[in-house]
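Here is the structure we will look at, set down as structure tokens.
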Amino acid sequence: MMEQSAERALLQSFLAFGNPSSIHASGRRAKALVDDAREQLAQAFGISDPDELLFTGSATEATNTALKGLFQWAKKEGRDFHLLTSAVEHEATLETARFLESEGARVEVLSVDGEGRLDLEGLEQCLKRRAKESLCLVSLMAANNETGVIFPWAAAARMAREFGALFHLDAVQAPGKQPDFSLADTAVDLASFSAHKIGGIKGVGALYVRKGLKLVSLLHGGAQERKRRAGTLNVPGIVSFGAAAAALSERSLGAMESLRNELETSVRERIEGVTVLGAGASRIVNTSNLLFDGVRGEGLVMGLDLEGFAVSSGSACNSGSILPSHVLLAMGFDKSAAQSAVRVSLGPQNTLAEIHAFTEALEKVVRRIRTAGTRA
Ligand code: PLP
């Protein structure tokens, strides 16, 4: 629930005619709103200096800025660029890594186990083998967007620093979902955030860049964001991001976790042949990824949509064909299983009554699909 002051700031930002880069009074008013939001984000994410945060159009842009910006910086300095990442990262990281590889970067991809847990020893081996003169960046997610499995990112960041490498965190899934999430006292050098993942407006992101770290700007043009991200700022989006970050401290993660646990217990009781992915690992509190034997994910998504529930299947739709989830494939599931899971994400607004209604609908849809399958 947004406080009145947050609502007022958001309304002001929509009404504000000024561009925060302009020096007239209405421009200064818009800039003050952006500065307030930057402080709210810094406080919520454990960042000591708000100027270490720059606003972007999405977390995807933030991650592109971090990875490509460092690659370009290494190039300028005549150094090789070495990127270490994992097989279950979001496409924002994996596609950028593929692009950088095609541009000459050395890319190594770490594996995960059947529960989606990171191979931390594998990371240590890669870091030990790295060429000392190269610029080495480790880019990992805080928590996986499909399974909710939390990576030991603080330990990985310490390890990276120990071996002279930089560390980028895709923090999109952590704030408000990973208990005690904070960058304070960590060895994280860069981190990507997304407004809409914490209740802000879609189309805004932020990148944390540790003070003193050099990277080449992705966008060229105006001198906004200390010359690190050209382009007029999305003031209402940024204000909503700040308000959402400030409201995170009121969120009860315990309540969300109880609902998620209730959902999984009740699904296991009511429906046969179900696997809860990553159940043996530590997970963020709101995500449940369910695999039903013999039931395709997209059928479940469509069936549940007709019942009034929005869930996602991990598999992506590409040129009309359903691709298996790269996350499930990396966890060792076969192609057919990797097309069968559905991800349920809970929000702070969900209730126990909704969980019960959902499991009832899920049971009905799974039974319908399985019965149709046996008749076919
Ligand atoms: N990283 C993770 C883990 C995500 O879950 C997402 C979005 O779902 C992104 C990056 C991309 O965020 P955005 O939609 O702001 O570009």
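Following the order of the structure tokens, chains are lettered A, B, ..., residues in each are numbered from 1, and ligands are numbered from 1.
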Find the residues around Gln224 of chain A up to 10 Å (only C-alpha atoms counted), leave out those fewer than 4 positions away in its own chain, and share them as a compact mmCIF listing (two decimals) with all heavy atoms, in the first residue's frame.
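What follows is the written file out33.txt:
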# COMPACT_ATOMS: atom_id res chain seq x y z
N PRO A 20 14.04 17.03 -15.72
CA PRO A 20 15.01 17.15 -14.62
C PRO A 20 16.39 17.66 -15.06
O PRO A 20 17.19 18.04 -14.22
CB PRO A 20 15.11 15.72 -14.08
CG PRO A 20 14.45 14.84 -15.07
CD PRO A 20 13.51 15.68 -15.85
N SER A 21 16.65 17.70 -16.38
CA SER A 21 17.94 18.24 -16.84
C SER A 21 17.89 19.75 -17.02
O SER A 21 18.93 20.37 -17.27
CB SER A 21 18.32 17.61 -18.19
OG SER A 21 18.33 16.23 -18.09
N LEU A 54 22.37 4.63 -11.13
CA LEU A 54 21.91 5.37 -12.30
C LEU A 54 20.63 4.72 -12.83
O LEU A 54 20.48 3.50 -12.77
CB LEU A 54 22.98 5.47 -13.38
CG LEU A 54 23.59 4.25 -13.99
CD1 LEU A 54 23.06 4.07 -15.39
CD2 LEU A 54 25.10 4.42 -14.04
N PHE A 55 19.70 5.56 -13.27
CA PHE A 55 18.42 5.04 -13.75
C PHE A 55 18.52 4.64 -15.22
O PHE A 55 19.20 5.29 -16.01
CB PHE A 55 17.31 6.07 -13.55
CG PHE A 55 16.93 6.22 -12.11
CD1 PHE A 55 17.23 7.39 -11.41
CD2 PHE A 55 16.28 5.19 -11.44
CE1 PHE A 55 16.89 7.51 -10.07
CE2 PHE A 55 15.94 5.31 -10.10
CZ PHE A 55 16.24 6.47 -9.40
N HIS A 220 24.78 7.08 -26.06
CA HIS A 220 25.49 8.35 -26.20
C HIS A 220 24.50 9.44 -26.56
O HIS A 220 23.53 9.20 -27.27
CB HIS A 220 26.59 8.23 -27.26
CG HIS A 220 27.60 7.21 -26.88
ND1 HIS A 220 27.57 5.92 -27.36
CD2 HIS A 220 28.63 7.26 -26.01
CE1 HIS A 220 28.55 5.23 -26.81
NE2 HIS A 220 29.21 6.03 -25.98
N ARG A 228 26.57 8.75 -17.80
CA ARG A 228 26.63 7.29 -17.88
C ARG A 228 25.44 6.70 -18.60
O ARG A 228 25.43 5.54 -18.97
CB ARG A 228 26.72 6.70 -16.48
CG ARG A 228 28.06 6.99 -15.87
CD ARG A 228 28.21 6.39 -14.54
NE ARG A 228 29.63 6.23 -14.27
CZ ARG A 228 30.11 5.50 -13.30
NH1 ARG A 228 29.33 4.86 -12.49
NH2 ARG A 228 31.41 5.40 -13.12
N ARG A 229 24.37 7.53 -18.76
CA ARG A 229 23.19 7.01 -19.47
C ARG A 229 22.46 8.21 -20.07
O ARG A 229 21.72 8.92 -19.39
CB ARG A 229 22.27 6.25 -18.50
CG ARG A 229 21.27 5.35 -19.16
CD ARG A 229 19.98 6.08 -19.44
NE ARG A 229 18.95 5.18 -19.92
CZ ARG A 229 17.72 5.57 -20.19
NH1 ARG A 229 17.35 6.83 -20.02
NH2 ARG A 229 16.85 4.70 -20.63
N ALA A 230 22.72 8.42 -21.37
CA ALA A 230 22.12 9.56 -22.04
C ALA A 230 20.62 9.34 -22.23
O ALA A 230 20.17 8.20 -22.33
CB ALA A 230 22.80 9.76 -23.39
N GLY A 231 19.87 10.42 -22.27
CA GLY A 231 18.42 10.33 -22.53
C GLY A 231 17.62 10.90 -21.38
O GLY A 231 18.01 10.78 -20.22
N THR A 232 16.49 11.54 -21.73
CA THR A 232 15.63 12.15 -20.72
C THR A 232 15.08 11.08 -19.78
O THR A 232 14.69 9.99 -20.22
CB THR A 232 14.48 12.90 -21.42
OG1 THR A 232 15.07 13.91 -22.25
CG2 THR A 232 13.55 13.56 -20.42
N LEU A 233 15.07 11.40 -18.51
CA LEU A 233 14.64 10.42 -17.51
C LEU A 233 13.11 10.29 -17.49
O LEU A 233 12.39 11.26 -17.70
CB LEU A 233 15.13 10.84 -16.12
CG LEU A 233 16.65 10.77 -15.93
CD1 LEU A 233 17.04 11.37 -14.59
CD2 LEU A 233 17.15 9.34 -16.03
Contacts of segment 140-143 of chain A within 7 Å, only C-alpha atoms, excl. fewer than 2 positions in-chain, as a ChimeraX atom specification = /A:85-86,89,138,145,148-151,153,168-171,173-174,284
I need the residues from that last selection saved to file as a PDB file, in the first residue's frame (with N, CA, C and O atoms), if you can.
ATOM      1  N   THR A  85      29.673 -16.552 -16.045  1.00  0.00           N
ATOM      2  CA  THR A  85      28.265 -16.427 -15.697  1.00  0.00           C
ATOM      3  C   THR A  85      27.679 -17.830 -15.510  1.00  0.00           C
ATOM      4  O   THR A  85      28.421 -18.806 -15.525  1.00  0.00           O
ATOM      5  N   SER A  86      26.361 -17.937 -15.305  1.00  0.00           N
ATOM      6  CA  SER A  86      25.805 -19.280 -15.099  1.00  0.00           C
ATOM      7  C   SER A  86      24.804 -19.611 -16.206  1.00  0.00           C
ATOM      8  O   SER A  86      24.284 -18.722 -16.889  1.00  0.00           O
ATOM      9  N   GLU A  89      21.006 -17.979 -16.018  1.00  0.00           N
ATOM     10  CA  GLU A  89      20.752 -16.538 -15.950  1.00  0.00           C
ATOM     11  C   GLU A  89      19.579 -16.136 -16.831  1.00  0.00           C
ATOM     12  O   GLU A  89      19.189 -16.864 -17.752  1.00  0.00           O
ATOM     13  N   VAL A 138      32.493 -11.450 -13.071  1.00  0.00           N
ATOM     14  CA  VAL A 138      31.557 -12.531 -12.737  1.00  0.00           C
ATOM     15  C   VAL A 138      30.175 -11.897 -12.717  1.00  0.00           C
ATOM     16  O   VAL A 138      29.966 -10.894 -12.045  1.00  0.00           O
ATOM     17  N   ASN A 145      14.623 -16.402 -11.705  1.00  0.00           N
ATOM     18  CA  ASN A 145      13.257 -15.935 -11.961  1.00  0.00           C
ATOM     19  C   ASN A 145      12.280 -17.065 -12.251  1.00  0.00           C
ATOM     20  O   ASN A 145      11.082 -16.901 -12.113  1.00  0.00           O
ATOM     21  N   GLY A 148      13.064 -19.550  -8.430  1.00  0.00           N
ATOM     22  CA  GLY A 148      13.183 -18.829  -7.161  1.00  0.00           C
ATOM     23  C   GLY A 148      14.418 -19.229  -6.361  1.00  0.00           C
ATOM     24  O   GLY A 148      14.645 -18.701  -5.270  1.00  0.00           O
ATOM     25  N   VAL A 149      15.233 -20.144  -6.892  1.00  0.00           N
ATOM     26  CA  VAL A 149      16.411 -20.622  -6.141  1.00  0.00           C
ATOM     27  C   VAL A 149      17.416 -19.470  -5.960  1.00  0.00           C
ATOM     28  O   VAL A 149      17.757 -18.770  -6.909  1.00  0.00           O
ATOM     29  N   ILE A 150      17.840 -19.305  -4.698  1.00  0.00           N
ATOM     30  CA  ILE A 150      18.775 -18.221  -4.358  1.00  0.00           C
ATOM     31  C   ILE A 150      20.211 -18.706  -4.553  1.00  0.00           C
ATOM     32  O   ILE A 150      20.577 -19.786  -4.086  1.00  0.00           O
ATOM     33  N   PHE A 151      21.002 -17.889  -5.227  1.00  0.00           N
ATOM     34  CA  PHE A 151      22.428 -18.184  -5.387  1.00  0.00           C
ATOM     35  C   PHE A 151      23.201 -17.621  -4.191  1.00  0.00           C
ATOM     36  O   PHE A 151      22.807 -16.586  -3.641  1.00  0.00           O
ATOM     37  N   TRP A 153      25.229 -15.447  -3.655  1.00  0.00           N
ATOM     38  CA  TRP A 153      25.843 -14.352  -4.403  1.00  0.00           C
ATOM     39  C   TRP A 153      26.849 -13.541  -3.579  1.00  0.00           C
ATOM     40  O   TRP A 153      27.859 -13.071  -4.111  1.00  0.00           O
ATOM     41  N   HIS A 168      29.162  -8.540 -10.942  1.00  0.00           N
ATOM     42  CA  HIS A 168      27.861  -7.931 -11.265  1.00  0.00           C
ATOM     43  C   HIS A 168      26.753  -8.841 -10.763  1.00  0.00           C
ATOM     44  O   HIS A 168      26.761 -10.052 -11.028  1.00  0.00           O
ATOM     45  N   LEU A 169      25.793  -8.252 -10.055  1.00  0.00           N
ATOM     46  CA  LEU A 169      24.664  -9.012  -9.535  1.00  0.00           C
ATOM     47  C   LEU A 169      23.396  -8.634 -10.280  1.00  0.00           C
ATOM     48  O   LEU A 169      23.038  -7.448 -10.341  1.00  0.00           O
ATOM     49  N   ASP A 170      22.713  -9.627 -10.851  1.00  0.00           N
ATOM     50  CA  ASP A 170      21.371  -9.399 -11.381  1.00  0.00           C
ATOM     51  C   ASP A 170      20.445  -9.549 -10.170  1.00  0.00           C
ATOM     52  O   ASP A 170      20.055 -10.648  -9.802  1.00  0.00           O
ATOM     53  N   ALA A 171      20.132  -8.402  -9.558  1.00  0.00           N
ATOM     54  CA  ALA A 171      19.406  -8.419  -8.282  1.00  0.00           C
ATOM     55  C   ALA A 171      17.888  -8.346  -8.477  1.00  0.00           C
ATOM     56  O   ALA A 171      17.152  -8.199  -7.503  1.00  0.00           O
ATOM     57  N   GLN A 173      15.316 -10.228  -8.840  1.00  0.00           N
ATOM     58  CA  GLN A 173      14.327 -11.027  -8.099  1.00  0.00           C
ATOM     59  C   GLN A 173      14.490 -10.957  -6.583  1.00  0.00           C
ATOM     60  O   GLN A 173      13.728 -11.600  -5.865  1.00  0.00           O
ATOM     61  N   ALA A 174      15.490 -10.215  -6.092  1.00  0.00           N
ATOM     62  CA  ALA A 174      15.772 -10.306  -4.656  1.00  0.00           C
ATOM     63  C   ALA A 174      15.023  -9.320  -3.743  1.00  0.00           C
ATOM     64  O   ALA A 174      14.450  -9.751  -2.740  1.00  0.00           O
ATOM     65  N   ILE A 284      13.581 -17.749  -2.858  1.00  0.00           N
ATOM     66  CA  ILE A 284      12.867 -16.529  -2.495  1.00  0.00           C
ATOM     67  C   ILE A 284      11.439 -16.921  -2.109  1.00  0.00           C
ATOM     68  O   ILE A 284      10.963 -18.005  -2.500  1.00  0.00           O
TER      69      ILE A 284
END
Please identify all polymer residues within 8 Å of Gly203 of chain A, counting only C-alpha atoms, omitting same-chain residues fewer than 5 positions from it, and present them as number ranges by chain.
-> A: 57-58, 195-196, 237
Now that the selection is made, can you save its residues with N, CA and C atoms as a compact mmCIF listing (two decimals), in the first residue's frame?
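Everything below was put into part_5.txt:
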# COMPACT_ATOMS: atom_id res chain seq x y z
N GLY A 57 16.14 2.25 -18.52
CA GLY A 57 14.78 1.95 -18.98
C GLY A 57 14.31 0.56 -18.57
N SER A 58 15.19 -0.26 -18.00
CA SER A 58 14.84 -1.62 -17.59
C SER A 58 16.06 -2.26 -16.94
N ALA A 195 12.09 -1.87 -11.68
CA ALA A 195 11.00 -1.25 -10.89
C ALA A 195 9.79 -2.16 -10.78
N HIS A 196 9.38 -2.76 -11.92
CA HIS A 196 8.09 -3.48 -11.88
C HIS A 196 8.15 -4.77 -11.07
N GLY A 237 8.02 7.15 -13.73
CA GLY A 237 8.47 5.77 -13.50
C GLY A 237 9.49 5.70 -12.37
Determine which residues of segment 104-277 of chain A receive a DSSP assignment of strand (DSSP E or B), computed from the backbone, and state them as a ChimeraX atom specification.
-> /A:106-110,112,118,135-141,143,149-150,166-170,190-194,205-209,274-276
Keeping only N, CA and C atoms, take the residues you just selected and write them out as an mmCIF file, in the first residue's frame.
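Final output, saved to selection.cif:
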data_model
loop_
_atom_site.group_PDB
_atom_site.id
_atom_site.type_symbol
_atom_site.label_atom_id
_atom_site.label_comp_id
_atom_site.auth_asym_id
_atom_site.auth_seq_id
_atom_site.Cartn_x
_atom_site.Cartn_y
_atom_site.Cartn_z
ATOM 1 N N ARG A 106 36.034 -13.693 -23.818
ATOM 2 C CA ARG A 106 36.064 -15.101 -23.414
ATOM 3 C C ARG A 106 34.925 -15.287 -22.418
ATOM 4 N N VAL A 107 34.040 -16.236 -22.711
ATOM 5 C CA VAL A 107 32.874 -16.439 -21.843
ATOM 6 C C VAL A 107 32.893 -17.868 -21.309
ATOM 7 N N GLU A 108 32.743 -18.014 -19.994
ATOM 8 C CA GLU A 108 32.616 -19.348 -19.401
ATOM 9 C C GLU A 108 31.300 -19.419 -18.642
ATOM 10 N N VAL A 109 30.597 -20.555 -18.801
ATOM 11 C CA VAL A 109 29.255 -20.684 -18.222
ATOM 12 C C VAL A 109 29.274 -21.759 -17.130
ATOM 13 N N LEU A 110 28.909 -21.374 -15.921
ATOM 14 C CA LEU A 110 28.918 -22.302 -14.783
ATOM 15 C C LEU A 110 27.636 -23.116 -14.750
ATOM 16 N N VAL A 112 24.652 -25.720 -12.847
ATOM 17 C CA VAL A 112 23.882 -25.826 -11.600
ATOM 18 C C VAL A 112 23.536 -27.306 -11.398
ATOM 19 N N LEU A 118 23.988 -23.270 -7.576
ATOM 20 C CA LEU A 118 25.214 -22.901 -8.307
ATOM 21 C C LEU A 118 26.410 -23.746 -7.879
ATOM 22 N N LEU A 135 40.551 -8.390 -17.944
ATOM 23 C CA LEU A 135 39.547 -7.825 -17.044
ATOM 24 C C LEU A 135 38.479 -8.909 -16.881
ATOM 25 N N CYS A 136 38.352 -9.430 -15.680
ATOM 26 C CA CYS A 136 37.431 -10.554 -15.462
ATOM 27 C C CYS A 136 36.208 -10.074 -14.695
ATOM 28 N N LEU A 137 35.031 -10.409 -15.219
ATOM 29 C CA LEU A 137 33.769 -10.042 -14.568
ATOM 30 C C LEU A 137 32.953 -11.303 -14.303
ATOM 31 N N VAL A 138 32.493 -11.450 -13.071
ATOM 32 C CA VAL A 138 31.557 -12.531 -12.737
ATOM 33 C C VAL A 138 30.175 -11.897 -12.717
ATOM 34 N N SER A 139 29.240 -12.459 -13.495
ATOM 35 C CA SER A 139 27.878 -11.925 -13.509
ATOM 36 C C SER A 139 26.902 -13.036 -13.126
ATOM 37 N N LEU A 140 26.286 -12.888 -11.972
ATOM 38 C CA LEU A 140 25.354 -13.918 -11.484
ATOM 39 C C LEU A 140 24.074 -13.274 -10.978
ATOM 40 N N MET A 141 23.016 -14.084 -10.957
ATOM 41 C CA MET A 141 21.753 -13.582 -10.443
ATOM 42 C C MET A 141 21.657 -13.830 -8.936
ATOM 43 N N ALA A 143 18.673 -14.417 -7.426
ATOM 44 C CA ALA A 143 17.709 -15.522 -7.348
ATOM 45 C C ALA A 143 17.143 -15.759 -8.738
ATOM 46 N N VAL A 149 15.233 -20.144 -6.892
ATOM 47 C CA VAL A 149 16.411 -20.622 -6.141
ATOM 48 C C VAL A 149 17.416 -19.470 -5.960
ATOM 49 N N ILE A 150 17.840 -19.305 -4.698
ATOM 50 C CA ILE A 150 18.775 -18.221 -4.358
ATOM 51 C C ILE A 150 20.211 -18.706 -4.553
ATOM 52 N N LEU A 166 35.846 -8.540 -11.007
ATOM 53 C CA LEU A 166 34.708 -7.698 -10.624
ATOM 54 C C LEU A 166 33.455 -8.569 -10.539
ATOM 55 N N PHE A 167 32.430 -8.058 -9.837
ATOM 56 C CA PHE A 167 31.214 -8.860 -9.673
ATOM 57 C C PHE A 167 29.967 -8.033 -9.989
ATOM 58 N N HIS A 168 29.162 -8.540 -10.942
ATOM 59 C CA HIS A 168 27.861 -7.931 -11.265
ATOM 60 C C HIS A 168 26.753 -8.841 -10.763
ATOM 61 N N LEU A 169 25.793 -8.252 -10.055
ATOM 62 C CA LEU A 169 24.664 -9.012 -9.535
ATOM 63 C C LEU A 169 23.396 -8.634 -10.280
ATOM 64 N N ASP A 170 22.713 -9.627 -10.851
ATOM 65 C CA ASP A 170 21.371 -9.399 -11.381
ATOM 66 C C ASP A 170 20.445 -9.549 -10.170
ATOM 67 N N LEU A 190 28.639 -4.095 -9.217
ATOM 68 C CA LEU A 190 27.557 -3.571 -10.060
ATOM 69 C C LEU A 190 26.306 -4.408 -9.780
ATOM 70 N N ALA A 191 25.127 -3.788 -9.855
ATOM 71 C CA ALA A 191 23.898 -4.575 -9.640
ATOM 72 C C ALA A 191 22.737 -3.985 -10.436
ATOM 73 N N SER A 192 21.945 -4.876 -11.027
ATOM 74 C CA SER A 192 20.783 -4.447 -11.834
ATOM 75 C C SER A 192 19.492 -4.632 -11.047
ATOM 76 N N PHE A 193 18.597 -3.659 -11.193
ATOM 77 C CA PHE A 193 17.290 -3.707 -10.521
ATOM 78 C C PHE A 193 16.188 -3.354 -11.518
ATOM 79 N N SER A 194 14.977 -3.806 -11.220
ATOM 80 C CA SER A 194 13.839 -3.516 -12.094
ATOM 81 C C SER A 194 12.673 -3.007 -11.254
ATOM 82 N N GLY A 205 14.479 0.825 -14.790
ATOM 83 C CA GLY A 205 15.439 -0.020 -14.096
ATOM 84 C C GLY A 205 16.494 0.854 -13.448
ATOM 85 N N ALA A 206 17.429 0.225 -12.766
ATOM 86 C CA ALA A 206 18.534 0.983 -12.164
ATOM 87 C C ALA A 206 19.771 0.106 -12.165
ATOM 88 N N LEU A 207 20.910 0.779 -12.278
ATOM 89 C CA LEU A 207 22.187 0.068 -12.189
ATOM 90 C C LEU A 207 23.013 0.692 -11.073
ATOM 91 N N TYR A 208 23.448 -0.160 -10.153
ATOM 92 C CA TYR A 208 24.391 0.281 -9.123
ATOM 93 C C TYR A 208 25.792 0.102 -9.682
ATOM 94 N N VAL A 209 26.587 1.156 -9.587
ATOM 95 C CA VAL A 209 27.991 1.078 -10.027
ATOM 96 C C VAL A 209 28.853 1.577 -8.877
ATOM 97 N N VAL A 274 3.377 -34.598 -9.143
ATOM 98 C CA VAL A 274 3.849 -33.205 -9.209
ATOM 99 C C VAL A 274 5.221 -33.104 -8.546
ATOM 100 N N THR A 275 6.107 -32.324 -9.160
ATOM 101 C CA THR A 275 7.418 -32.047 -8.569
ATOM 102 C C THR A 275 7.525 -30.548 -8.353
ATOM 103 N N VAL A 276 7.956 -30.169 -7.148
ATOM 104 C CA VAL A 276 8.214 -28.744 -6.879
ATOM 105 C C VAL A 276 9.695 -28.512 -7.146
#
Run DSSP on the backbone and grab whatever in segment 84-294 of chain A lands in helix (DSSP H, G or I); send it over as a ChimeraX atom specification.
-> /A:91-102,120-129,153-162,195-197,224-227,235-250,253-270
For ligand 1, which of A:Asn234, A:Thr359, A:Thr60, A:Gln339 is the closest residue, counting only C-alpha atoms and all ligand atoms?
->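 Under the stated criterion, the closest residue is A:Thr60.
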Find the residues around Arg368 of chain A up to 12 Å (only C-alpha atoms counted), leave out those fewer than 6 positions away in its own chain, and share them as a ChimeraX atom specification.
-> /A:294-295,299-300,303-304,361-362,374-375
Could you jot down the atom CA of Glu257 of chain A to atom CA of Thr351 of chain A separation for me, Å, one decimal place?
->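 Result for atom CA of Glu257 of chain A versus atom CA of Thr351 of chain A: 11.7 Å, one decimal.
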re atom CA of Ser26 of chain A and atom CA of Gln43 of chain A: distance 26.1 Å
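Using only C-alpha atoms, the nearest neighbour of Thr287 of chain A within the list A:Ser266, A:Ser345, A:Asn350, A:Ser217 is A:Ser345.
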